[in-house]
Amino acid sequence: MKVRTRFAPSPTGLLHIGGARTALFSWLYARKTGGDFILRIEDTDLERSTQASIDAILEAMDWLDLAYDEGPFYQTQRFDRYREVIQQLLDNGQAYRCYCSKEELDALREAQMVRKEKPRYDGRWRDSTATPPAGVQPVIRFKNPLDGVVEFEDLVRGKITIANAELDDLIIARSDGVPTYNLCVVVDDIDMNVTHVIRGDDHINNTPRQINIMRALGAALPKFAHVPMILGNDGQRLSKRHGAVGVMQYRDEGYLPEALLNYLVRLGWSHGDQEVFSRDELIQLFEIENINRAPSSFSPDKLLWLNQHYIKTLPAERIAAELQWHLTQQNLDTSRGPALVDVIEAQRERAKTLVELVAASRYFYEPVNSYDAAAMKKQVSAETPHYLQVVAEHLGALQVWDEAAIHEAITASCEQLQVKLGKVGPALRLATTGGTSSPALDVTLKLLSKDTVLQRINIFIEFVKNSASSA
């Protein structure tokens, strides 16, 4: 049988780290086995589901490049199918109408809590022959088996057994006729021939209920794999204060999707001591059985380390493609100036995020309008204009503008001035970049172009002279 997995988020907010990891595990298993990966939007919560959340989920899936083979399917477009199944369960005596009011259910729950019993529906309308109260729109409940157990072999947690006596008759359609989550999930998984349900372990309590509905419908059961939750580094449930934000915020903060995916897969899955995986390696090596049972801890520092690794090692063309969005956000036009891939090659060792990479590269494409004040005090002296004028003369005489020639010209300038590079280099870097941090001077000047370098040196010389005269 062909493997078919699914990712089924509810569009009531952004796609967060936990959901993205679930999507990744489901996607990997489908790719590993040559199966299909399905995207399903579970939008039956009509009050909380929004188009903005749907768009955010689709955007995140696209950015992470978790391509789905089928979908997205929307549960709100399948209501007729769910109602058909609900009617089938009613006709077969496997579901019934319940006319309990909210007040009745609240009183029942309160009485049970007083008796220190587990709050649950007591099945009072399960086999009732009473006349339904006038004007009350009933919910529809599934007739859960009263005895026996639900037992299944979880691919992560091993054998799980739940007594049916622990389960009450859950609602499968609300009083307004809208089908509920547990019913819709079952129908979808049956209709879509899902063979493996990989999801968070917060769904474990739903699984026996869903299994009973599947059995009532005569369907084959999929295999289940419940993935442990992700915790903060303080051991508490992951939240915004730990850095648990929507997936696209990581894009906004300058993370590469390769880094985020690599980090996510290591939150609960391992292959020996290996930390860094290519996408092809993940597909080849991934096994559900190697998912840990224990919760994982989220470490922003580890994610940042991985991001820096990928900035250093991915092809410059790949980084350039991802960088385009950030260039737009930071209003940096790179159409004039050095090739972006060349700047990336020069700067990749100096940035941990793409945001940093863009900010550190502005001087390659924009005029230098200010200079680092602390560096001005430390690196600029009365002799600086003369030193830079000599450097400009040597650079201006070059017939070939490459790193070797630039290096030789700077060395010749220092020899003529009879000073060490420390008297010339920092001021030259300040003049051409506005700051103290850049790639090697010969690399930086080569990228800037000869005309730009000479122009910036002359502007800086005048700036220093004017500053000295006005002091």
# chains A, B, ... in the order shown; residues from 1 in each chain; ligands from 1

call {"tool": "select_by_dssp", "arguments": {"residues": "stretch 253-437 of chain A", "states": "helix (DSSP H, G or I)", "output": "ChimeraX atom specification"}}
result
/A:257-265,279-285,288-290,300-313,316-329,340-350,354-360,362-364,373-379,384-396,403-417,421-423,425-433

call {"tool": "residues_around", "arguments": {"residues": "A:Leu327", "least_positions_apart": "5", "cutoff": "9 Å", "atoms": "only C-alpha atoms", "output": "PDB file with N, CA and C atoms, in the first residue's frame"}}
result
ATOM      1  N   LEU A 332      17.275  48.488  -0.145  1.00  0.00           N
ATOM      2  CA  LEU A 332      18.624  48.529  -0.713  1.00  0.00           C
ATOM      3  C   LEU A 332      18.571  48.083  -2.170  1.00  0.00           C
ATOM      4  N   ASP A 333      18.926  48.982  -3.061  1.00  0.00           N
ATOM      5  CA  ASP A 333      18.931  48.716  -4.500  1.00  0.00           C
ATOM      6  C   ASP A 333      20.316  48.234  -4.906  1.00  0.00           C
ATOM      7  N   THR A 334      20.413  47.005  -5.365  1.00  0.00           N
ATOM      8  CA  THR A 334      21.709  46.436  -5.739  1.00  0.00           C
ATOM      9  C   THR A 334      21.900  46.386  -7.255  1.00  0.00           C
ATOM     10  N   VAL A 355      19.588  39.436   7.636  1.00  0.00           N
ATOM     11  CA  VAL A 355      19.382  40.839   8.010  1.00  0.00           C
ATOM     12  C   VAL A 355      20.723  41.503   8.271  1.00  0.00           C
ATOM     13  N   VAL A 358      22.644  42.044   4.903  1.00  0.00           N
ATOM     14  CA  VAL A 358      22.206  43.213   4.139  1.00  0.00           C
ATOM     15  C   VAL A 358      22.729  44.495   4.792  1.00  0.00           C
TER      16      VAL A 358
END

call {"tool": "closest_atom_pairs", "arguments": {"of": "stretch 277-322 of chain A", "to": "stretch 184-203 of chain A", "cutoff": "12 Å", "atoms": "only C-alpha atoms", "output": "CSV"}}
result
residue,atom,partner,partner_atom,distance
A:Ile288,CA,A:Ile198,CA,9.0
A:Glu289,CA,A:Ile198,CA,11.8
A:Ile291,CA,A:Ile198,CA,11.0
A:Asn292,CA,A:Asp201,CA,12.0
A:Arg293,CA,A:Asp201,CA,9.8
A:Ala294,CA,A:Asp201,CA,10.8
A:Pro295,CA,A:Asp201,CA,9.9

call {"tool": "residues_around", "arguments": {"residues": "stretch 372-384 of chain A", "least_positions_apart": "6", "cutoff": "9 Å", "atoms": "only C-alpha atoms", "output": "list in words"}}
result
Gly422, Lys423, Val424, Pro426, Ala427, Leu430, Gly434, Gly435, Thr436, Ile461, Val464, Lys465 and Ala468 of chain A

call {"tool": "write_last_selection", "arguments": {"atoms": "N, CA and C atoms", "output": "short mmCIF file (atom, residue, chain, number, x, y, z; two decimals), in the first residue's frame"}}
result
data_model
loop_
_atom_site.label_atom_id
_atom_site.label_comp_id
_atom_site.auth_asym_id
_atom_site.auth_seq_id
_atom_site.Cartn_x
_atom_site.Cartn_y
_atom_site.Cartn_z
N GLY A 422 49.18 49.83 9.51
CA GLY A 422 48.28 50.27 10.57
C GLY A 422 48.02 51.77 10.55
N LYS A 423 48.92 52.54 9.93
CA LYS A 423 48.72 53.98 9.82
C LYS A 423 47.84 54.35 8.63
N VAL A 424 47.69 53.40 7.71
CA VAL A 424 46.97 53.69 6.46
C VAL A 424 45.68 52.89 6.34
N PRO A 426 43.34 51.32 8.41
CA PRO A 426 42.08 51.65 9.08
C PRO A 426 41.44 52.93 8.52
N ALA A 427 42.24 53.94 8.22
CA ALA A 427 41.69 55.18 7.68
C ALA A 427 41.14 54.96 6.27
N LEU A 430 37.85 53.25 6.67
CA LEU A 430 36.88 54.22 7.15
C LEU A 430 36.41 55.13 6.01
N GLY A 434 32.90 53.76 5.64
CA GLY A 434 32.25 54.52 6.69
C GLY A 434 32.41 53.90 8.06
N GLY A 435 33.01 52.71 8.13
CA GLY A 435 33.13 52.01 9.41
C GLY A 435 34.45 51.29 9.53
N THR A 436 34.49 50.36 10.47
CA THR A 436 35.73 49.65 10.78
C THR A 436 35.67 48.17 10.42
N ILE A 461 38.96 62.88 2.52
CA ILE A 461 40.06 63.82 2.76
C ILE A 461 39.51 65.21 3.04
N VAL A 464 37.87 65.34 6.51
CA VAL A 464 38.85 65.43 7.61
C VAL A 464 39.42 66.83 7.69
N LYS A 465 39.76 67.42 6.55
CA LYS A 465 40.32 68.77 6.54
C LYS A 465 39.33 69.79 7.10
N ALA A 468 38.98 69.43 10.82
CA ALA A 468 40.13 69.96 11.54
C ALA A 468 40.11 71.49 11.61
#

call {"tool": "residues_around", "arguments": {"residues": "A:Arg336", "least_positions_apart": "2", "cutoff": "10 Å", "atoms": "only C-alpha atoms", "output": "list in words"}}
result
Asp333, Thr334, Pro338, Ala339, Leu340, Phe364, Tyr365 and Glu366 of chain A

call {"tool": "residues_around", "arguments": {"residues": "A:Val247", "least_positions_apart": "4", "cutoff": "7 Å", "atoms": "only C-alpha atoms", "output": "number ranges by chain"}}
result
A: 15-17, 60

call {"tool": "write_last_selection", "arguments": {"atoms": "C-alpha atoms", "output": "PDB file, in the first residue's frame"}}
result
ATOM      1  CA  LEU A  15       2.136  28.372  11.655  1.00  0.00           C
ATOM      2  CA  HIS A  16       4.440  27.922  14.627  1.00  0.00           C
ATOM      3  CA  ILE A  17       7.504  25.806  15.313  1.00  0.00           C
ATOM      4  CA  ALA A  60       5.205  29.241   5.395  1.00  0.00           C
TER       5      ALA A  60
END

call {"tool": "atom_distance", "arguments": {"atom1": "atom CA of A:Leu417", "atom2": "atom CA of A:Val400"}}
result
22.9 Å

call {"tool": "atom_distance", "arguments": {"atom1": "atom CA of A:Gln284", "atom2": "atom CA of A:Lys32"}}
result
6.1 Å

call {"tool": "atom_distance", "arguments": {"atom1": "atom CA of A:His407", "atom2": "atom CA of A:Val368"}}
result
22.3 Å

call {"tool": "residues_around", "arguments": {"residues": "A:Ser53", "least_positions_apart": "6", "cutoff": "12 Å", "atoms": "only C-alpha atoms", "output": "list in words"}}
result
Pro9, Ser10, Pro11, Thr12, Gly13, Leu14, Leu15, His16, Ile41, Glu42, Asp43, Glu59, Ala60, Gly246 and Met248 of chain A

call {"tool": "write_last_selection", "arguments": {"atoms": "N, CA and C atoms", "output": "CSV table (one decimal), in the first residue's frame"}}
result
chain,number,residue,atom,x,y,z
A,9,PRO,N,-3.3,21.6,9.6
A,9,PRO,CA,-3.3,22.7,10.6
A,9,PRO,C,-4.7,23.4,10.6
A,10,SER,N,-5.0,24.0,11.8
A,10,SER,CA,-6.2,24.8,11.9
A,10,SER,C,-5.8,26.2,11.7
A,11,PRO,N,-6.5,27.0,10.8
A,11,PRO,CA,-6.1,28.3,10.5
A,11,PRO,C,-6.6,29.3,11.5
A,12,THR,N,-6.2,29.2,12.7
A,12,THR,CA,-6.7,30.1,13.8
A,12,THR,C,-5.5,30.9,14.3
A,13,GLY,N,-4.4,30.9,13.6
A,13,GLY,CA,-3.2,31.7,13.9
A,13,GLY,C,-2.1,31.4,13.0
A,14,LEU,N,-0.9,31.8,13.3
A,14,LEU,CA,0.2,31.6,12.5
A,14,LEU,C,0.7,30.1,12.5
A,15,LEU,N,1.5,29.7,11.6
A,15,LEU,CA,2.1,28.4,11.7
A,15,LEU,C,3.4,28.5,12.5
A,16,HIS,N,3.4,27.8,13.7
A,16,HIS,CA,4.4,27.9,14.6
A,16,HIS,C,5.4,26.8,14.5
A,41,ILE,N,-6.5,21.9,5.3
A,41,ILE,CA,-6.8,23.0,6.2
A,41,ILE,C,-8.1,22.7,7.0
A,42,GLU,N,-7.9,22.5,8.3
A,42,GLU,CA,-9.0,22.2,9.1
A,42,GLU,C,-9.7,23.4,9.7
A,43,ASP,N,-10.6,24.0,8.9
A,43,ASP,CA,-11.2,25.3,9.2
A,43,ASP,C,-12.6,25.2,9.7
A,59,GLU,N,2.0,30.4,2.9
A,59,GLU,CA,3.3,31.1,2.7
A,59,GLU,C,4.4,30.4,3.4
A,60,ALA,N,4.2,29.9,4.6
A,60,ALA,CA,5.2,29.2,5.4
A,60,ALA,C,5.6,27.9,4.7
A,246,GLY,N,5.8,32.7,14.9
A,246,GLY,CA,5.3,32.2,13.6
A,246,GLY,C,6.6,31.9,12.7
A,248,MET,N,7.2,32.5,9.7
A,248,MET,CA,7.6,33.6,8.8
A,248,MET,C,8.4,34.7,9.5

call {"tool": "closest_residue", "arguments": {"among": "A:Thr76, A:Asn262, A:Gln137, A:Gln455", "to": "A:Thr180", "atoms": "only C-alpha atoms"}}
result
A:Thr76

call {"tool": "closest_residue", "arguments": {"among": "A:Glu462, A:Glu287, A:Asp301, A:Glu258", "to": "A:Asp65", "atoms": "only C-alpha atoms"}}
result
A:Glu258

call {"tool": "closest_residue", "arguments": {"among": "A:Ile406, A:Leu39, A:Gln308, A:Glu117", "to": "A:Asp62", "atoms": "only C-alpha atoms"}}
result
A:Leu39

call {"tool": "closest_atom_pairs", "arguments": {"of": "stretch 180-223 of chain A", "to": "stretch 154-176 of chain A", "cutoff": "9 Å", "atoms": "only C-alpha atoms", "output": "tab-separated table"}}
result
residue	atom	partner	partner_atom	distance
A:Thr180	CA	A:Ile172	CA	5.1
A:Tyr181	CA	A:Ile172	CA	7.6
A:Asn182	CA	A:Ile172	CA	6.9
A:Leu183	CA	A:Ile172	CA	5.5
A:Cys184	CA	A:Ile172	CA	8.3
A:Pro208	CA	A:Ile162	CA	7.0
A:Arg209	CA	A:Leu167	CA	7.3
A:Lys223	CA	A:Asp154	CA	7.2

call {"tool": "decode", "arguments": {"residues": "stretch 360-391 of chain A", "atoms": "N, CA and C atoms", "output": "PDB file, in the first residue's frame"}}
result
ATOM      1  N   ALA A 360      25.245  44.973   6.685  1.00  0.00           N
ATOM      2  CA  ALA A 360      26.701  45.099   6.605  1.00  0.00           C
ATOM      3  C   ALA A 360      27.196  45.375   5.186  1.00  0.00           C
ATOM      4  N   SER A 361      26.295  45.281   4.213  1.00  0.00           N
ATOM      5  CA  SER A 361      26.717  45.413   2.807  1.00  0.00           C
ATOM      6  C   SER A 361      26.214  46.683   2.142  1.00  0.00           C
ATOM      7  N   ARG A 362      25.591  47.560   2.894  1.00  0.00           N
ATOM      8  CA  ARG A 362      24.981  48.749   2.288  1.00  0.00           C
ATOM      9  C   ARG A 362      26.006  49.610   1.570  1.00  0.00           C
ATOM     10  N   TYR A 363      27.215  49.728   2.133  1.00  0.00           N
ATOM     11  CA  TYR A 363      28.206  50.652   1.561  1.00  0.00           C
ATOM     12  C   TYR A 363      28.687  50.219   0.171  1.00  0.00           C
ATOM     13  N   PHE A 364      28.392  48.952  -0.198  1.00  0.00           N
ATOM     14  CA  PHE A 364      28.749  48.534  -1.558  1.00  0.00           C
ATOM     15  C   PHE A 364      27.810  49.141  -2.603  1.00  0.00           C
ATOM     16  N   TYR A 365      26.639  49.589  -2.161  1.00  0.00           N
ATOM     17  CA  TYR A 365      25.625  50.053  -3.114  1.00  0.00           C
ATOM     18  C   TYR A 365      25.127  51.473  -2.844  1.00  0.00           C
ATOM     19  N   GLU A 366      25.516  52.041  -1.719  1.00  0.00           N
ATOM     20  CA  GLU A 366      25.064  53.379  -1.375  1.00  0.00           C
ATOM     21  C   GLU A 366      26.259  54.255  -1.017  1.00  0.00           C
ATOM     22  N   PRO A 367      26.173  55.567  -1.246  1.00  0.00           N
ATOM     23  CA  PRO A 367      27.255  56.475  -0.841  1.00  0.00           C
ATOM     24  C   PRO A 367      27.463  56.431   0.668  1.00  0.00           C
ATOM     25  N   VAL A 368      28.690  56.673   1.093  1.00  0.00           N
ATOM     26  CA  VAL A 368      28.988  56.773   2.516  1.00  0.00           C
ATOM     27  C   VAL A 368      28.675  58.195   2.956  1.00  0.00           C
ATOM     28  N   ASN A 369      27.681  58.326   3.821  1.00  0.00           N
ATOM     29  CA  ASN A 369      27.235  59.659   4.244  1.00  0.00           C
ATOM     30  C   ASN A 369      27.668  60.027   5.653  1.00  0.00           C
ATOM     31  N   SER A 370      28.246  59.061   6.375  1.00  0.00           N
ATOM     32  CA  SER A 370      28.723  59.342   7.729  1.00  0.00           C
ATOM     33  C   SER A 370      29.852  58.382   8.056  1.00  0.00           C
ATOM     34  N   TYR A 371      30.584  58.718   9.084  1.00  0.00           N
ATOM     35  CA  TYR A 371      31.737  57.906   9.471  1.00  0.00           C
ATOM     36  C   TYR A 371      31.644  57.577  10.957  1.00  0.00           C
ATOM     37  N   ASP A 372      32.113  56.387  11.310  1.00  0.00           N
ATOM     38  CA  ASP A 372      32.089  55.932  12.682  1.00  0.00           C
ATOM     39  C   ASP A 372      32.852  56.925  13.572  1.00  0.00           C
ATOM     40  N   ALA A 373      32.138  57.514  14.523  1.00  0.00           N
ATOM     41  CA  ALA A 373      32.728  58.587  15.330  1.00  0.00           C
ATOM     42  C   ALA A 373      33.899  58.101  16.177  1.00  0.00           C
ATOM     43  N   ALA A 374      33.745  56.925  16.797  1.00  0.00           N
ATOM     44  CA  ALA A 374      34.833  56.399  17.633  1.00  0.00           C
ATOM     45  C   ALA A 374      36.061  56.110  16.791  1.00  0.00           C
ATOM     46  N   ALA A 375      35.847  55.568  15.587  1.00  0.00           N
ATOM     47  CA  ALA A 375      36.979  55.274  14.703  1.00  0.00           C
ATOM     48  C   ALA A 375      37.648  56.560  14.237  1.00  0.00           C
ATOM     49  N   MET A 376      36.870  57.594  14.012  1.00  0.00           N
ATOM     50  CA  MET A 376      37.451  58.882  13.593  1.00  0.00           C
ATOM     51  C   MET A 376      38.448  59.382  14.652  1.00  0.00           C
ATOM     52  N   LYS A 377      38.057  59.258  15.914  1.00  0.00           N
ATOM     53  CA  LYS A 377      38.937  59.729  16.982  1.00  0.00           C
ATOM     54  C   LYS A 377      40.191  58.874  17.094  1.00  0.00           C
ATOM     55  N   LYS A 378      40.005  57.570  16.885  1.00  0.00           N
ATOM     56  CA  LYS A 378      41.117  56.643  17.097  1.00  0.00           C
ATOM     57  C   LYS A 378      42.039  56.516  15.886  1.00  0.00           C
ATOM     58  N   GLN A 379      41.475  56.555  14.669  1.00  0.00           N
ATOM     59  CA  GLN A 379      42.247  56.214  13.475  1.00  0.00           C
ATOM     60  C   GLN A 379      42.699  57.407  12.639  1.00  0.00           C
ATOM     61  N   VAL A 380      42.121  58.573  12.888  1.00  0.00           N
ATOM     62  CA  VAL A 380      42.413  59.735  12.037  1.00  0.00           C
ATOM     63  C   VAL A 380      43.312  60.717  12.784  1.00  0.00           C
ATOM     64  N   SER A 381      44.376  61.124  12.093  1.00  0.00           N
ATOM     65  CA  SER A 381      45.313  62.099  12.651  1.00  0.00           C
ATOM     66  C   SER A 381      45.530  63.216  11.636  1.00  0.00           C
ATOM     67  N   ALA A 382      46.379  64.141  11.995  1.00  0.00           N
ATOM     68  CA  ALA A 382      46.658  65.258  11.089  1.00  0.00           C
ATOM     69  C   ALA A 382      47.318  64.782   9.801  1.00  0.00           C
ATOM     70  N   GLU A 383      48.023  63.652   9.867  1.00  0.00           N
ATOM     71  CA  GLU A 383      48.718  63.137   8.681  1.00  0.00           C
ATOM     72  C   GLU A 383      47.790  62.334   7.754  1.00  0.00           C
ATOM     73  N   THR A 384      46.609  61.979   8.237  1.00  0.00           N
ATOM     74  CA  THR A 384      45.726  61.099   7.465  1.00  0.00           C
ATOM     75  C   THR A 384      45.426  61.610   6.060  1.00  0.00           C
ATOM     76  N   PRO A 385      45.069  62.878   5.854  1.00  0.00           N
ATOM     77  CA  PRO A 385      44.800  63.343   4.481  1.00  0.00           C
ATOM     78  C   PRO A 385      45.986  63.113   3.543  1.00  0.00           C
ATOM     79  N   HIS A 386      47.183  63.374   4.041  1.00  0.00           N
ATOM     80  CA  HIS A 386      48.367  63.172   3.198  1.00  0.00           C
ATOM     81  C   HIS A 386      48.556  61.687   2.883  1.00  0.00           C
ATOM     82  N   TYR A 387      48.414  60.846   3.893  1.00  0.00           N
ATOM     83  CA  TYR A 387      48.559  59.412   3.672  1.00  0.00           C
ATOM     84  C   TYR A 387      47.571  58.929   2.602  1.00  0.00           C
ATOM     85  N   LEU A 388      46.325  59.327   2.738  1.00  0.00           N
ATOM     86  CA  LEU A 388      45.303  58.853   1.802  1.00  0.00           C
ATOM     87  C   LEU A 388      45.495  59.439   0.410  1.00  0.00           C
ATOM     88  N   GLN A 389      46.049  60.628   0.336  1.00  0.00           N
ATOM     89  CA  GLN A 389      46.311  61.208  -0.977  1.00  0.00           C
ATOM     90  C   GLN A 389      47.352  60.378  -1.727  1.00  0.00           C
ATOM     91  N   VAL A 390      48.370  59.928  -1.010  1.00  0.00           N
ATOM     92  CA  VAL A 390      49.389  59.071  -1.619  1.00  0.00           C
ATOM     93  C   VAL A 390      48.772  57.746  -2.057  1.00  0.00           C
ATOM     94  N   VAL A 391      47.933  57.172  -1.207  1.00  0.00           N
ATOM     95  CA  VAL A 391      47.264  55.923  -1.564  1.00  0.00           C
ATOM     96  C   VAL A 391      46.416  56.114  -2.810  1.00  0.00           C
TER      97      VAL A 391
END
